[in-house]
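First comes the structure, then the notes that go with it.
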Amino acid sequence: ATLAEMLVQGDLIYHGYAGNVLLKGVPKVIRLRLVAPLERRVRRVIRERKFTREEAIKFIEKIDAERDEWVQQLYKVDWSDPSLYDMVLNLEHMSMETVTELIVDLANRKEYQSTPESEQELRDFALTKRVQAALTFQSDFQEDSIEVRGRLGAVRLSGDRYFKKNSKAIVEFVKNIPGVKEVVASTDEKSETPQAAANLKASDVMIPISGYPHIKPWTTIREAMAALGTSNVTLR
């Protein structure tokens with residue numbers, strides 16, 4: 001939520017674990033990974049921390065293992081998966097000057113220039129994260145049972161039986177969160193018939209659709225599932 005609020009304020013460079021996953025679905029964000037050979041990493045650790053070579057290798061292995069475990073536990077993804085990034089640069093044969101020029105060139109491309117639509121998507125994303133954070137850290141509600149979606153200052157809430165039972169209190173709480181102009185609670189317990197579900201479009205349930213470049217907004221759920229079944233996407 002804090003990172004989302006910072007993004008709303010303007011351009012931002014975030015250096016940290018799983019930034020590419022934290023901002024999944026956010027438009028106009030460059031997800032970048034820099035990799036380097038072990039020897040280069042060892043030399044840097046020795047220089048900066050005054051370690052022996054053996055200590056440096058153990059330190060690097062420990063950091064990599066902890067990073068992998070942390071990302072796996074929180075996001076269920078492999079942080080080294082190149083498909084999670086827009087660009088992966090290997091520093092083995094590149095100077096930092098070259099790397100910098102490549103990144104600046106990419107940032108100046110039209111695909112990464114802000115538009116009124118992308119700025120609104122970012123504000124919606126920030127509002128959603130703000131509400132989720134408030135439910136998690138400022139209330140006693142079971143936040144895992146509550147689905148939140150912010151759009152143009154309005155917040156739509158839905159969830160399981162716990163949410164339906166406590167929806168009135170949850171709505172009142174969310175109404176007092178800064179930036180929330182309206183709250184809509186979905187407590188409809190009616191289930192879709194098989195025919196109705198088959199007629200739903202991918203854009204009705206896959207949010208945001210931009211996260212699935214090979215699936216179009218008008219694709220039916222059945223067609224989307226078939227496409228995902230033949231891709232490298234893992235359904236959990």
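To be explicit about the labels: the chains of the structure tokens are called A, B, and onward in the order shown, and within each one the residues are counted from 1, while ligands get numbers from 1 in the order they are shown.
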
Close residues, stretch 103-105 of chain A itself excluded, 12 Å, only C-alpha atoms, min 2 positions apart in chain, as a VMD selection string: chain A and resid 13 30 to 34 86 to 89 96 to 101 107 to 113

Shell of 7 Å around A:Leu122, only C-alpha atoms, local chain residues under 3 positions omitted, as a list in words: Val8, Val26, Ser118, Glu119, Phe125 and Ala126 of chain A

For stretch 136-141 of chain A: contacts at 9 Å, only C-alpha atoms, fewer than 2 positions along chain excluded, given as number ranges by chain: A: 131-134, 143-146, 163, 166, 170, 173

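Proximity to A:Thr128 was assessed for A:Thr2, A:Ser114, A:Gln72, A:Gln142 counting only C-alpha atoms; the smallest distance is recorded for A:Thr2.
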
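Taking atom CA of A:Trp79 as the reference point, atom CA of A:Lys50 is found at 28.2 Å.
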
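Distance annotation: of A:Val183, A:Ile60, A:Ala169, A:Val174, the residue with the minimal separation from A:Arg151 is A:Val183; atom set is only C-alpha atoms.
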
Neighbour list for A:Leu127 as a VMD selection string, cut-off 10 Å, only C-alpha atoms, skip fewer than 4 positions in-chain: chain A and resid 1 4 to 5 121 to 123 131 to 133 148 to 155 177 to 180

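Across the structure, atom CA of A:Leu106 and atom CA of A:Pro37 are spaced 24.0 Å apart.
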
Gap from atom CA of A:Val21 to atom CA of A:Ile63 - Å, one decimal: 18.7 Å

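Closest approach to A:Ser95 among A:Ile57, A:Gly25, A:Ala185, A:Ala36 is made by A:Ala36 (distances from only C-alpha atoms).
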
Give me the residues within 9 Å of A:Ser186 as an mmCIF file with N, CA, C and O atoms, in the first residue's frame, counting only C-alpha atoms and dropping any in the same chain fewer than 5 places off.
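Contents of the output file part37.cif:
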data_model
loop_
_atom_site.group_PDB
_atom_site.id
_atom_site.type_symbol
_atom_site.label_atom_id
_atom_site.label_comp_id
_atom_site.auth_asym_id
_atom_site.auth_seq_id
_atom_site.Cartn_x
_atom_site.Cartn_y
_atom_site.Cartn_z
ATOM 1 N N ARG A 156 -15.732 -1.715 -4.146
ATOM 2 C CA ARG A 156 -16.667 -2.837 -4.189
ATOM 3 C C ARG A 156 -16.112 -3.957 -3.313
ATOM 4 O O ARG A 156 -14.965 -4.381 -3.485
ATOM 5 N N LEU A 157 -16.929 -4.427 -2.386
ATOM 6 C CA LEU A 157 -16.528 -5.479 -1.461
ATOM 7 C C LEU A 157 -17.330 -6.746 -1.716
ATOM 8 O O LEU A 157 -18.529 -6.688 -1.994
ATOM 9 N N SER A 158 -16.682 -7.863 -1.610
ATOM 10 C CA SER A 158 -17.360 -9.149 -1.719
ATOM 11 C C SER A 158 -16.564 -10.156 -0.907
ATOM 12 O O SER A 158 -15.496 -9.834 -0.379
ATOM 13 N N GLY A 159 -17.080 -11.374 -0.804
ATOM 14 C CA GLY A 159 -16.349 -12.367 -0.033
ATOM 15 C C GLY A 159 -17.161 -13.594 0.274
ATOM 16 O O GLY A 159 -18.228 -13.830 -0.318
ATOM 17 N N LYS A 164 -20.289 -12.002 4.273
ATOM 18 C CA LYS A 164 -21.745 -11.794 4.212
ATOM 19 C C LYS A 164 -22.335 -11.585 5.607
ATOM 20 O O LYS A 164 -23.227 -10.759 5.801
ATOM 21 N N SER A 167 -20.911 -8.011 6.756
ATOM 22 C CA SER A 167 -20.803 -6.998 5.699
ATOM 23 C C SER A 167 -21.162 -5.593 6.175
ATOM 24 O O SER A 167 -20.511 -4.617 5.787
#

Which of stretch 56-193 of chain A DSSP labels strand (DSSP E or B), written as an MDAnalysis selection string: chainID A and resid 87:90 146:151 154:159 182:185

I need the chosen residues saved as an mmCIF file, in the first residue's frame, with N, CA and C atoms.
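The result, stored in selection_2.cif:
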data_model
loop_
_atom_site.group_PDB
_atom_site.id
_atom_site.type_symbol
_atom_site.label_atom_id
_atom_site.label_comp_id
_atom_site.auth_asym_id
_atom_site.auth_seq_id
_atom_site.Cartn_x
_atom_site.Cartn_y
_atom_site.Cartn_z
ATOM 1 N N MET A 87 12.612 -6.777 -18.604
ATOM 2 C CA MET A 87 13.981 -6.822 -19.111
ATOM 3 C C MET A 87 14.892 -7.460 -18.071
ATOM 4 N N VAL A 88 15.732 -8.386 -18.525
ATOM 5 C CA VAL A 88 16.747 -8.995 -17.673
ATOM 6 C C VAL A 88 18.101 -8.691 -18.306
ATOM 7 N N LEU A 89 18.991 -8.045 -17.564
ATOM 8 C CA LEU A 89 20.297 -7.640 -18.088
ATOM 9 C C LEU A 89 21.405 -8.363 -17.337
ATOM 10 N N ASN A 90 22.290 -8.985 -18.099
ATOM 11 C CA ASN A 90 23.433 -9.690 -17.527
ATOM 12 C C ASN A 90 24.638 -8.755 -17.520
ATOM 13 N N ILE A 146 -12.219 -11.188 2.537
ATOM 14 C CA ILE A 146 -12.811 -10.007 1.911
ATOM 15 C C ILE A 146 -12.086 -9.678 0.613
ATOM 16 N N GLU A 147 -12.839 -9.599 -0.471
ATOM 17 C CA GLU A 147 -12.294 -9.184 -1.762
ATOM 18 C C GLU A 147 -12.550 -7.687 -1.928
ATOM 19 N N VAL A 148 -11.520 -6.955 -2.360
ATOM 20 C CA VAL A 148 -11.621 -5.499 -2.490
ATOM 21 C C VAL A 148 -11.271 -5.080 -3.914
ATOM 22 N N ARG A 149 -12.078 -4.183 -4.460
ATOM 23 C CA ARG A 149 -11.761 -3.622 -5.772
ATOM 24 C C ARG A 149 -12.135 -2.149 -5.796
ATOM 25 N N GLY A 150 -11.132 -1.285 -5.984
ATOM 26 C CA GLY A 150 -11.375 0.154 -6.021
ATOM 27 C C GLY A 150 -11.458 0.667 -7.440
ATOM 28 N N ARG A 151 -12.369 1.591 -7.666
ATOM 29 C CA ARG A 151 -12.528 2.176 -8.999
ATOM 30 C C ARG A 151 -13.145 3.557 -8.886
ATOM 31 N N ALA A 154 -14.786 4.616 -5.700
ATOM 32 C CA ALA A 154 -15.774 3.672 -5.173
ATOM 33 C C ALA A 154 -15.082 2.346 -4.874
ATOM 34 N N VAL A 155 -15.497 1.691 -3.807
ATOM 35 C CA VAL A 155 -14.909 0.421 -3.411
ATOM 36 C C VAL A 155 -15.995 -0.649 -3.414
ATOM 37 N N ARG A 156 -15.732 -1.715 -4.146
ATOM 38 C CA ARG A 156 -16.667 -2.837 -4.189
ATOM 39 C C ARG A 156 -16.112 -3.957 -3.313
ATOM 40 N N LEU A 157 -16.929 -4.427 -2.386
ATOM 41 C CA LEU A 157 -16.528 -5.479 -1.461
ATOM 42 C C LEU A 157 -17.330 -6.746 -1.716
ATOM 43 N N SER A 158 -16.682 -7.863 -1.610
ATOM 44 C CA SER A 158 -17.360 -9.149 -1.719
ATOM 45 C C SER A 158 -16.564 -10.156 -0.907
ATOM 46 N N GLY A 159 -17.080 -11.374 -0.804
ATOM 47 C CA GLY A 159 -16.349 -12.367 -0.033
ATOM 48 C C GLY A 159 -17.161 -13.594 0.274
ATOM 49 N N GLU A 182 -17.426 5.946 -1.934
ATOM 50 C CA GLU A 182 -18.634 5.111 -1.941
ATOM 51 C C GLU A 182 -18.232 3.668 -1.698
ATOM 52 N N VAL A 183 -19.092 2.914 -1.045
ATOM 53 C CA VAL A 183 -18.825 1.500 -0.782
ATOM 54 C C VAL A 183 -20.029 0.678 -1.234
ATOM 55 N N VAL A 184 -19.746 -0.331 -2.019
ATOM 56 C CA VAL A 184 -20.802 -1.234 -2.490
ATOM 57 C C VAL A 184 -20.453 -2.632 -2.023
ATOM 58 N N ALA A 185 -21.370 -3.278 -1.339
ATOM 59 C CA ALA A 185 -21.145 -4.631 -0.839
ATOM 60 C C ALA A 185 -21.946 -5.619 -1.664
#

With only C-alpha atoms as the counted atoms, please give the residues lying no more than 12 Å from stretch 66-69 of chain A, apart from itself and same-chain residues fewer than 6 positions off, as a short mmCIF file (atom, residue, chain, number, x, y, z; two decimals) with all heavy atoms, in the first residue's frame.
data_model
loop_
_atom_site.label_atom_id
_atom_site.label_comp_id
_atom_site.auth_asym_id
_atom_site.auth_seq_id
_atom_site.Cartn_x
_atom_site.Cartn_y
_atom_site.Cartn_z
N GLY A 16 14.12 -3.47 -4.36
CA GLY A 16 13.82 -4.32 -3.22
C GLY A 16 13.25 -5.65 -3.68
O GLY A 16 13.02 -5.88 -4.86
N TYR A 17 13.04 -6.54 -2.72
CA TYR A 17 12.53 -7.87 -3.02
C TYR A 17 11.13 -7.80 -3.61
O TYR A 17 10.25 -7.11 -3.09
CB TYR A 17 12.48 -8.73 -1.76
CG TYR A 17 13.82 -9.13 -1.19
CD1 TYR A 17 13.91 -9.73 0.05
CD2 TYR A 17 14.99 -8.89 -1.90
CE1 TYR A 17 15.13 -10.11 0.59
CE2 TYR A 17 16.23 -9.26 -1.38
CZ TYR A 17 16.29 -9.86 -0.14
OH TYR A 17 17.50 -10.23 0.37
N ALA A 18 10.90 -8.55 -4.68
CA ALA A 18 9.57 -8.80 -5.23
C ALA A 18 8.82 -7.55 -5.66
O ALA A 18 7.60 -7.55 -5.70
CB ALA A 18 8.73 -9.59 -4.23
N PHE A 59 27.75 -16.33 2.16
CA PHE A 59 26.85 -15.19 2.34
C PHE A 59 25.90 -15.06 1.15
O PHE A 59 24.70 -14.88 1.33
CB PHE A 59 27.67 -13.92 2.51
CG PHE A 59 26.85 -12.66 2.59
CD1 PHE A 59 26.21 -12.31 3.77
CD2 PHE A 59 26.73 -11.84 1.47
CE1 PHE A 59 25.45 -11.15 3.83
CE2 PHE A 59 25.97 -10.67 1.53
CZ PHE A 59 25.33 -10.33 2.71
N ILE A 60 26.43 -15.16 -0.06
CA ILE A 60 25.62 -15.04 -1.26
C ILE A 60 24.59 -16.17 -1.34
O ILE A 60 23.41 -15.95 -1.66
CB ILE A 60 26.51 -15.04 -2.52
CG1 ILE A 60 27.33 -13.76 -2.57
CG2 ILE A 60 25.67 -15.19 -3.79
CD1 ILE A 60 28.40 -13.75 -3.64
N TYR A 75 4.22 -15.04 -2.32
CA TYR A 75 3.60 -14.85 -3.64
C TYR A 75 3.51 -16.12 -4.49
O TYR A 75 2.93 -16.08 -5.58
CB TYR A 75 4.39 -13.79 -4.42
CG TYR A 75 4.48 -12.48 -3.69
CD1 TYR A 75 5.67 -12.06 -3.08
CD2 TYR A 75 3.37 -11.64 -3.57
CE1 TYR A 75 5.75 -10.86 -2.39
CE2 TYR A 75 3.45 -10.44 -2.88
CZ TYR A 75 4.64 -10.06 -2.31
OH TYR A 75 4.71 -8.87 -1.62
N LYS A 76 4.08 -17.21 -3.99
CA LYS A 76 4.00 -18.49 -4.71
C LYS A 76 4.59 -18.41 -6.11
O LYS A 76 4.05 -19.00 -7.06
CB LYS A 76 2.54 -18.98 -4.78
CG LYS A 76 1.80 -18.97 -3.46
CD LYS A 76 2.48 -19.82 -2.42
CE LYS A 76 1.69 -19.81 -1.11
NZ LYS A 76 2.42 -20.53 -0.02
N VAL A 77 5.67 -17.68 -6.28
CA VAL A 77 6.33 -17.58 -7.58
C VAL A 77 7.83 -17.74 -7.40
O VAL A 77 8.36 -17.60 -6.30
CB VAL A 77 6.05 -16.23 -8.28
CG1 VAL A 77 4.57 -16.06 -8.56
CG2 VAL A 77 6.60 -15.07 -7.47
N ASP A 78 8.51 -18.04 -8.49
CA ASP A 78 9.96 -18.13 -8.51
C ASP A 78 10.49 -16.77 -8.93
O ASP A 78 10.31 -16.36 -10.08
CB ASP A 78 10.39 -19.21 -9.50
CG ASP A 78 11.90 -19.33 -9.62
OD1 ASP A 78 12.62 -18.61 -8.89
OD2 ASP A 78 12.37 -20.13 -10.45
N TRP A 79 11.14 -16.04 -8.03
CA TRP A 79 11.56 -14.68 -8.32
C TRP A 79 12.56 -14.60 -9.46
O TRP A 79 12.74 -13.55 -10.09
CB TRP A 79 12.16 -14.02 -7.07
CG TRP A 79 13.42 -14.65 -6.58
CD1 TRP A 79 13.54 -15.70 -5.73
CD2 TRP A 79 14.76 -14.26 -6.92
NE1 TRP A 79 14.86 -16.00 -5.51
CE2 TRP A 79 15.64 -15.14 -6.23
CE3 TRP A 79 15.30 -13.27 -7.73
CZ2 TRP A 79 17.01 -15.05 -6.33
CZ3 TRP A 79 16.69 -13.18 -7.83
CH2 TRP A 79 17.52 -14.06 -7.14
N SER A 80 13.22 -15.73 -9.80
CA SER A 80 14.19 -15.74 -10.90
C SER A 80 13.54 -16.01 -12.25
O SER A 80 14.23 -16.00 -13.29
CB SER A 80 15.28 -16.77 -10.63
OG SER A 80 14.73 -18.08 -10.60
N ASP A 81 12.24 -16.26 -12.28
CA ASP A 81 11.53 -16.54 -13.53
C ASP A 81 11.59 -15.31 -14.43
O ASP A 81 11.04 -14.26 -14.09
CB ASP A 81 10.07 -16.90 -13.21
CG ASP A 81 9.27 -17.22 -14.46
OD1 ASP A 81 9.81 -17.09 -15.58
OD2 ASP A 81 8.09 -17.60 -14.32
#

Those in stretch 128-157 of chain A with helix (DSSP H, G or I) from DSSP, as an NGL selection string: :A and (128-137 or 143-145)

Residue subset to file, keeping all heavy atoms, as an mmCIF file, in the first residue's frame:
data_model
loop_
_atom_site.group_PDB
_atom_site.id
_atom_site.type_symbol
_atom_site.label_atom_id
_atom_site.label_comp_id
_atom_site.auth_asym_id
_atom_site.auth_seq_id
_atom_site.Cartn_x
_atom_site.Cartn_y
_atom_site.Cartn_z
ATOM 1 N N THR A 128 -7.304 0.423 -3.793
ATOM 2 C CA THR A 128 -7.535 -0.976 -3.427
ATOM 3 C C THR A 128 -6.547 -1.425 -2.359
ATOM 4 O O THR A 128 -6.934 -2.036 -1.351
ATOM 5 C CB THR A 128 -7.405 -1.883 -4.670
ATOM 6 O OG1 THR A 128 -8.397 -1.517 -5.634
ATOM 7 C CG2 THR A 128 -7.600 -3.346 -4.293
ATOM 8 N N LYS A 129 -5.272 -1.112 -2.545
ATOM 9 C CA LYS A 129 -4.246 -1.516 -1.586
ATOM 10 C C LYS A 129 -4.402 -0.793 -0.255
ATOM 11 O O LYS A 129 -4.122 -1.358 0.805
ATOM 12 C CB LYS A 129 -2.855 -1.254 -2.169
ATOM 13 C CG LYS A 129 -2.539 -2.105 -3.395
ATOM 14 C CD LYS A 129 -2.689 -3.575 -3.096
ATOM 15 C CE LYS A 129 -2.430 -4.432 -4.313
ATOM 16 N NZ LYS A 129 -2.641 -5.878 -4.030
ATOM 17 N N ARG A 130 -4.848 0.472 -0.305
ATOM 18 C CA ARG A 130 -5.064 1.234 0.930
ATOM 19 C C ARG A 130 -6.151 0.582 1.778
ATOM 20 O O ARG A 130 -6.021 0.446 2.995
ATOM 21 C CB ARG A 130 -5.450 2.669 0.599
ATOM 22 C CG ARG A 130 -5.501 3.596 1.817
ATOM 23 C CD ARG A 130 -6.011 4.972 1.408
ATOM 24 N NE ARG A 130 -5.299 5.459 0.228
ATOM 25 C CZ ARG A 130 -5.888 6.090 -0.781
ATOM 26 N NH1 ARG A 130 -7.193 6.309 -0.763
ATOM 27 N NH2 ARG A 130 -5.179 6.517 -1.807
ATOM 28 N N VAL A 131 -7.228 0.175 1.124
ATOM 29 C CA VAL A 131 -8.328 -0.468 1.839
ATOM 30 C C VAL A 131 -7.892 -1.826 2.385
ATOM 31 O O VAL A 131 -8.180 -2.169 3.538
ATOM 32 C CB VAL A 131 -9.553 -0.633 0.917
ATOM 33 C CG1 VAL A 131 -10.632 -1.475 1.598
ATOM 34 C CG2 VAL A 131 -10.113 0.738 0.530
ATOM 35 N N GLN A 132 -7.173 -2.594 1.568
ATOM 36 C CA GLN A 132 -6.693 -3.894 2.028
ATOM 37 C C GLN A 132 -5.759 -3.751 3.223
ATOM 38 O O GLN A 132 -5.840 -4.532 4.180
ATOM 39 C CB GLN A 132 -5.971 -4.605 0.878
ATOM 40 C CG GLN A 132 -6.899 -5.059 -0.239
ATOM 41 C CD GLN A 132 -6.147 -5.635 -1.432
ATOM 42 O OE1 GLN A 132 -4.971 -5.338 -1.645
ATOM 43 N NE2 GLN A 132 -6.818 -6.457 -2.212
ATOM 44 N N ALA A 133 -4.890 -2.739 3.189
ATOM 45 C CA ALA A 133 -3.964 -2.523 4.301
ATOM 46 C C ALA A 133 -4.709 -2.127 5.572
ATOM 47 O O ALA A 133 -4.372 -2.586 6.671
ATOM 48 C CB ALA A 133 -2.948 -1.441 3.927
ATOM 49 N N ALA A 134 -5.724 -1.282 5.428
ATOM 50 C CA ALA A 134 -6.505 -0.857 6.588
ATOM 51 C C ALA A 134 -7.242 -2.046 7.208
ATOM 52 O O ALA A 134 -7.291 -2.189 8.438
ATOM 53 C CB ALA A 134 -7.496 0.227 6.182
ATOM 54 N N LEU A 135 -7.797 -2.898 6.374
ATOM 55 C CA LEU A 135 -8.501 -4.087 6.878
ATOM 56 C C LEU A 135 -7.532 -5.023 7.602
ATOM 57 O O LEU A 135 -7.901 -5.654 8.599
ATOM 58 C CB LEU A 135 -9.168 -4.824 5.718
ATOM 59 C CG LEU A 135 -10.418 -4.158 5.115
ATOM 60 C CD1 LEU A 135 -10.805 -4.826 3.809
ATOM 61 C CD2 LEU A 135 -11.585 -4.200 6.097
ATOM 62 N N THR A 136 -6.302 -5.078 7.112
ATOM 63 C CA THR A 136 -5.307 -5.981 7.694
ATOM 64 C C THR A 136 -4.728 -5.448 8.996
ATOM 65 O O THR A 136 -4.626 -6.179 9.995
ATOM 66 C CB THR A 136 -4.157 -6.222 6.695
ATOM 67 O OG1 THR A 136 -4.678 -6.794 5.492
ATOM 68 C CG2 THR A 136 -3.113 -7.160 7.291
ATOM 69 N N PHE A 137 -4.356 -4.167 9.017
ATOM 70 C CA PHE A 137 -3.603 -3.625 10.147
ATOM 71 C C PHE A 137 -4.415 -2.754 11.101
ATOM 72 O O PHE A 137 -3.951 -2.471 12.204
ATOM 73 C CB PHE A 137 -2.416 -2.814 9.623
ATOM 74 C CG PHE A 137 -1.458 -3.612 8.794
ATOM 75 C CD1 PHE A 137 -1.360 -3.402 7.428
ATOM 76 C CD2 PHE A 137 -0.666 -4.593 9.374
ATOM 77 C CE1 PHE A 137 -0.477 -4.145 6.651
ATOM 78 C CE2 PHE A 137 0.219 -5.344 8.611
ATOM 79 C CZ PHE A 137 0.314 -5.121 7.245
ATOM 80 N N GLU A 143 -9.335 -10.347 6.967
ATOM 81 C CA GLU A 143 -9.121 -9.725 5.657
ATOM 82 C C GLU A 143 -9.033 -10.741 4.523
ATOM 83 O O GLU A 143 -9.345 -10.432 3.373
ATOM 84 C CB GLU A 143 -7.867 -8.846 5.677
ATOM 85 C CG GLU A 143 -6.547 -9.573 5.752
ATOM 86 C CD GLU A 143 -6.193 -10.049 7.155
ATOM 87 O OE1 GLU A 143 -6.954 -9.736 8.091
ATOM 88 O OE2 GLU A 143 -5.169 -10.716 7.305
ATOM 89 N N ASP A 144 -8.625 -11.977 4.844
ATOM 90 C CA ASP A 144 -8.525 -13.002 3.807
ATOM 91 C C ASP A 144 -9.887 -13.401 3.262
ATOM 92 O O ASP A 144 -9.973 -14.018 2.196
ATOM 93 C CB ASP A 144 -7.824 -14.248 4.358
ATOM 94 C CG ASP A 144 -6.339 -14.006 4.624
ATOM 95 O OD1 ASP A 144 -5.811 -13.011 4.088
ATOM 96 O OD2 ASP A 144 -5.728 -14.791 5.354
ATOM 97 N N SER A 145 -10.929 -13.052 3.981
ATOM 98 C CA SER A 145 -12.287 -13.395 3.560
ATOM 99 C C SER A 145 -12.962 -12.269 2.794
ATOM 100 O O SER A 145 -14.140 -12.366 2.452
ATOM 101 C CB SER A 145 -13.143 -13.740 4.790
ATOM 102 O OG SER A 145 -12.620 -14.857 5.481
#
